[in-house]
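Presented below is the structure to which this report refers.
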2 protein chains.
Amino acid sequence: MTDDADTRARLLDAAEELFYARGVQAVGMDELRAASGLSLKRLYRCFASKNELVAAYLRRRDARWRADLAAYVTAHAATPDAAPLAVFDWLHAWFAAPGFRGCAFVNAVGELGPASADVTHAAREHKRALHAYLTGLVRPLGVADPAGLATQLAILVDGAISNAALTADPCTAPQARAAAHTLLTTTPHT
Amino acid sequence: MTDDADTRARLLDAAEELFYARGVQAVGMDELRAASGLSLKRLYRCFASKNELVAAYLRRRDARWRADLAAYVTAHAATPDAAPLAVFDWLHAWFAAPGFRGCAFVNAVGELGPASADVTHAAREHKRALHAYLTGLVRPLGVADPAGLATQLAILVDGAISNAALTADPCTAPQARAAAHTLLTTTPHT
DNA sequence: TACCCTAGAGAACGATCGTTCTCACCGCCA
DNA sequence: TGGCGGTGAGAACGATCGTTCTCTAGGGTA
């Protein structure tokens, strides 16, 4: 058995679950070995170091998080106007889900921050991609400044996540949704 | 010399600088000893464990952070209407300050989270106090739902902090301020 | 059957962690 | 002057970390 895609997936599954639930530094490589069922040798053949594994964990989580969000929005938004608000409905469900513990990228940067350039880069890429997605959602609405409005929505998204993580109250999401609704209806149109 | 207030202050100064800059787990007790100039014995007489020191660091940072914010707002807000917006001007200056690295409480909870009840409690108290402060700022404006509006403003504050921390762009603050302005002017009044 | 390459299990390693202990030393009261 | 309680400096301790190494076992090929 070489380090094929299935092996990587199993390892990343274990890494995501443990890293997100307890933080990066609180999870040791031996625990990852036990959770993934792999041997240490294969683990280190997939990722040469813990840093690489952490970076891969963040990259995959970014892709999956945004794919889940986009799938929900396209499934639940009947009209283009409803799409930006559906983002906050998805957040509401996420906040209430067991194991929710805030933004994995904010947590990772707060924990490792300046010590790991890979983590900082992955987090920055995540936020940039989210902003681009939100810009795409508001552009069809014919607003005057899609990028600026997307930035304001992104601030609401991040704020809702942080607030929900600290207060453990999922109802932060409806409040953020209401604020987004206000911003969307009062922003100037072309 | 006993563990008087000056000793505690020096230790907490060092702890705040190091914990905030590099994360809690990345800073060892020996480094705190070197940075504070205290001996390990006195250090452990002030705080019986690292956990207690971390909790004290967060409590003092909460008090100072909110005092600084309140002082700025009272000094720079000419009218009650300007007060909530002044919050975001203060954030703007903070984001641009050297060493800014996001919300200390979000970072600490993300790093230690479920493993430390004291940290979670301190962070929750911080957010609760901020919400109470914002409620006090919007109440004189005669809005219909001061607490709800304060929650929305708190979401903007947290979102601006997270965004600025990840993107290293202080201009998140003006965008959050603009969003706050929209919310303030369109909220129903009594 | 004999050989060899690889994999798994886990011991080993050096570093570092939080915490405690040792020990020489100093100011203080009798 | 002579003990004495408390101090600072740092060694020591057990635990745990990320990473590497050893050793054994097994399966494919000639």
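Residue numbers start at 1 in each chain; chains themselves are named A, B, ... in the order of the structure tokens; ligands are numbered from 1 in the order shown.
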Taking only residues of chain B that have an atom at most 10 Å from an atom of chain C, what is each one's shortest atom pair and its distance in Å to one decimal, using only C-alpha atoms (C1' of nucleotides), in chain and number order, as JSON lines?
{"residue": "B:Gln25", "atom": "CA", "partner": "C:DC17", "partner_atom": "C1'", "distance": 9.4}
{"residue": "B:Val27", "atom": "CA", "partner": "C:DC17", "partner_atom": "C1'", "distance": 9.8}
{"residue": "B:Gly28", "atom": "CA", "partner": "C:DC17", "partner_atom": "C1'", "distance": 7.2}
{"residue": "B:Met29", "atom": "CA", "partner": "C:DG18", "partner_atom": "C1'", "distance": 7.3}
{"residue": "B:Asp30", "atom": "CA", "partner": "C:DG18", "partner_atom": "C1'", "distance": 9.4}
{"residue": "B:Leu40", "atom": "CA", "partner": "C:DT19", "partner_atom": "C1'", "distance": 9.7}
{"residue": "B:Lys41", "atom": "CA", "partner": "C:DT20", "partner_atom": "C1'", "distance": 9.6}
{"residue": "B:Tyr44", "atom": "CA", "partner": "C:DT19", "partner_atom": "C1'", "distance": 9.0}
{"residue": "B:Ala48", "atom": "CA", "partner": "C:DT19", "partner_atom": "C1'", "distance": 9.8}
{"residue": "B:Ser49", "atom": "CA", "partner": "C:DG18", "partner_atom": "C1'", "distance": 8.1}
{"residue": "B:Lys50", "atom": "CA", "partner": "C:DG18", "partner_atom": "C1'", "distance": 7.7}
Task: Counting only C-alpha atoms (C1' of nucleotides), chain D residues within 9 Å of chain B, as JSON, numbers by chain - done: {"D": [7, 8, 9]}
Quick one: write out the picked residues with N, CA and C atoms (P, O5', C5', C4', C3', O3' and C1' of nucleotides) as a PDB file, in the first residue's frame?
ATOM      1  P    DT D   7      10.103  35.160  50.624  1.00  0.00           P
ATOM      2  O5'  DT D   7      11.363  35.397  49.694  1.00  0.00           O
ATOM      3  C5'  DT D   7      12.196  36.553  49.896  1.00  0.00           C
ATOM      4  C4'  DT D   7      13.483  36.358  49.126  1.00  0.00           C
ATOM      5  C3'  DT D   7      13.254  35.894  47.695  1.00  0.00           C
ATOM      6  O3'  DT D   7      13.475  36.975  46.816  1.00  0.00           O
ATOM      7  C1'  DT D   7      15.023  34.654  48.793  1.00  0.00           C
ATOM      8  P    DG D   8      13.014  36.828  45.308  1.00  0.00           P
ATOM      9  O5'  DG D   8      14.357  36.340  44.611  1.00  0.00           O
ATOM     10  C5'  DG D   8      15.548  37.101  44.779  1.00  0.00           C
ATOM     11  C4'  DG D   8      16.721  36.385  44.134  1.00  0.00           C
ATOM     12  C3'  DG D   8      16.527  35.989  42.670  1.00  0.00           C
ATOM     13  O3'  DG D   8      17.750  36.191  41.987  1.00  0.00           O
ATOM     14  C1'  DG D   8      16.900  34.039  43.970  1.00  0.00           C
ATOM     15  P    DA D   9      17.805  36.205  40.429  1.00  0.00           P
ATOM     16  O5'  DA D   9      18.543  34.841  40.104  1.00  0.00           O
ATOM     17  C5'  DA D   9      19.825  34.589  40.684  1.00  0.00           C
ATOM     18  C4'  DA D   9      20.209  33.146  40.439  1.00  0.00           C
ATOM     19  C3'  DA D   9      19.882  32.630  39.026  1.00  0.00           C
ATOM     20  O3'  DA D   9      21.057  32.090  38.462  1.00  0.00           O
ATOM     21  C1'  DA D   9      19.068  31.144  40.683  1.00  0.00           C
TER      22       DA D   9
END
With the cut-off set at 6 Å and counting only C-alpha atoms, tabulate each residue of chain A with an atom at most that distance from an atom of chain B, showing the nearest atom pair and its distance in Å to one decimal, ordered by chain and increasing number, as a tab-separated table.
residue	atom	partner	partner_atom	distance
A:Gly23	CA	B:Glu111	CA	5.3
A:Asn107	CA	B:Gly110	CA	4.5
A:Gly110	CA	B:Asn107	CA	4.5
A:Glu111	CA	B:Glu111	CA	5.3
A:Arg124	CA	B:Leu166	CA	5.8
A:Ile155	CA	B:Gly159	CA	4.4
A:Leu156	CA	B:Leu156	CA	5.7
A:Asp158	CA	B:Gly159	CA	4.5
A:Gly159	CA	B:Gly159	CA	3.4
A:Ala160	CA	B:Ile155	CA	5.6
A:Leu166	CA	B:Arg124	CA	5.8
A:Thr167	CA	B:Arg124	CA	5.8
Restricting it to N, CA and C atoms, dump the selection as a PDB file, in the first residue's frame.
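Done, and the output landed in again.pdb:
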ATOM      1  N   GLY A  23      -7.946  21.935  18.985  1.00  0.00           N
ATOM      2  CA  GLY A  23      -6.809  22.793  18.686  1.00  0.00           C
ATOM      3  C   GLY A  23      -5.647  21.988  18.139  1.00  0.00           C
ATOM      4  N   ASN A 107      -9.091  30.181  14.487  1.00  0.00           N
ATOM      5  CA  ASN A 107      -8.504  29.441  15.602  1.00  0.00           C
ATOM      6  C   ASN A 107      -7.053  29.066  15.315  1.00  0.00           C
ATOM      7  N   GLY A 110      -4.848  32.171  15.330  1.00  0.00           N
ATOM      8  CA  GLY A 110      -4.690  32.650  16.696  1.00  0.00           C
ATOM      9  C   GLY A 110      -3.742  31.784  17.492  1.00  0.00           C
ATOM     10  N   GLU A 111      -3.738  30.497  17.195  1.00  0.00           N
ATOM     11  CA  GLU A 111      -2.899  29.576  17.950  1.00  0.00           C
ATOM     12  C   GLU A 111      -1.453  29.578  17.448  1.00  0.00           C
ATOM     13  N   ARG A 124      -5.698  33.208   4.960  1.00  0.00           N
ATOM     14  CA  ARG A 124      -5.921  34.383   4.123  1.00  0.00           C
ATOM     15  C   ARG A 124      -6.610  33.981   2.814  1.00  0.00           C
ATOM     16  N   ILE A 155     -17.835  40.578   6.939  1.00  0.00           N
ATOM     17  CA  ILE A 155     -17.655  40.991   8.335  1.00  0.00           C
ATOM     18  C   ILE A 155     -18.788  40.420   9.188  1.00  0.00           C
ATOM     19  N   LEU A 156     -19.996  40.473   8.663  1.00  0.00           N
ATOM     20  CA  LEU A 156     -21.117  39.898   9.409  1.00  0.00           C
ATOM     21  C   LEU A 156     -20.938  38.394   9.592  1.00  0.00           C
ATOM     22  N   ASP A 158     -18.099  36.612   9.642  1.00  0.00           N
ATOM     23  CA  ASP A 158     -17.047  36.349  10.629  1.00  0.00           C
ATOM     24  C   ASP A 158     -17.491  36.722  12.029  1.00  0.00           C
ATOM     25  N   GLY A 159     -18.176  37.847  12.134  1.00  0.00           N
ATOM     26  CA  GLY A 159     -18.639  38.254  13.455  1.00  0.00           C
ATOM     27  C   GLY A 159     -19.640  37.282  14.030  1.00  0.00           C
ATOM     28  N   ALA A 160     -20.538  36.796  13.188  1.00  0.00           N
ATOM     29  CA  ALA A 160     -21.514  35.827  13.676  1.00  0.00           C
ATOM     30  C   ALA A 160     -20.815  34.556  14.143  1.00  0.00           C
ATOM     31  N   LEU A 166     -18.148  32.002  20.961  1.00  0.00           N
ATOM     32  CA  LEU A 166     -17.876  32.395  22.340  1.00  0.00           C
ATOM     33  C   LEU A 166     -19.111  32.294  23.224  1.00  0.00           C
ATOM     34  N   THR A 167     -20.257  32.698  22.687  1.00  0.00           N
ATOM     35  CA  THR A 167     -21.453  32.697  23.525  1.00  0.00           C
ATOM     36  C   THR A 167     -22.207  31.384  23.466  1.00  0.00           C
TER      37      THR A 167
END
Open item on the list: Nearest residue to A:Phe88 out of A:Glu31, A:Leu134, A:Arg64, A:Asp13, using only C-alpha atoms?
Closed with: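 The shortest atom-to-atom distance to A:Phe88 comes from A:Leu134.
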Open item on the list: Please extract the residues of chain B with a backbone DSSP assignment of helix (DSSP H, G or I) and present them as an NGL selection string.
Closed with: :B and (5-22 or 29-36 or 40-46 or 50-76 or 80-96 or 104-115 or 117-141 or 146-167 or 172-186)
Please provide as an mmCIF file with C-alpha atoms, in the first residue's frame all residues within 12 Å of B:Asp68, with the sequence filter that same-chain residues fewer than 5 positions apart are discarded (counting only C-alpha atoms (C1' of nucleotides)).
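Written file, around.cif:
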data_model
loop_
_atom_site.group_PDB
_atom_site.id
_atom_site.type_symbol
_atom_site.label_atom_id
_atom_site.label_comp_id
_atom_site.auth_asym_id
_atom_site.auth_seq_id
_atom_site.Cartn_x
_atom_site.Cartn_y
_atom_site.Cartn_z
ATOM 1 C CA ARG B 61 -6.987 42.513 29.282
ATOM 2 C CA ASP B 62 -10.777 42.603 29.242
ATOM 3 C CA ALA B 63 -10.844 45.425 31.764
ATOM 4 C CA VAL B 73 -15.515 56.986 22.687
ATOM 5 C CA THR B 74 -16.259 59.528 25.404
ATOM 6 C CA ALA B 75 -13.367 61.683 24.200
ATOM 7 C CA VAL B 87 -16.199 52.481 18.400
ATOM 8 C CA TRP B 90 -11.049 53.129 17.770
ATOM 9 C CA LEU B 91 -10.950 49.697 16.141
ATOM 10 C CA ALA B 93 -6.479 52.622 15.119
ATOM 11 C CA TRP B 94 -6.104 49.314 16.952
#
Task: Gap from atom CA of A:Leu18 to atom CA of A:Pro98 - Å, one decimal - done: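 Straight-line distance from atom CA of A:Leu18 to atom CA of A:Pro98 works out to 14.0 Å.
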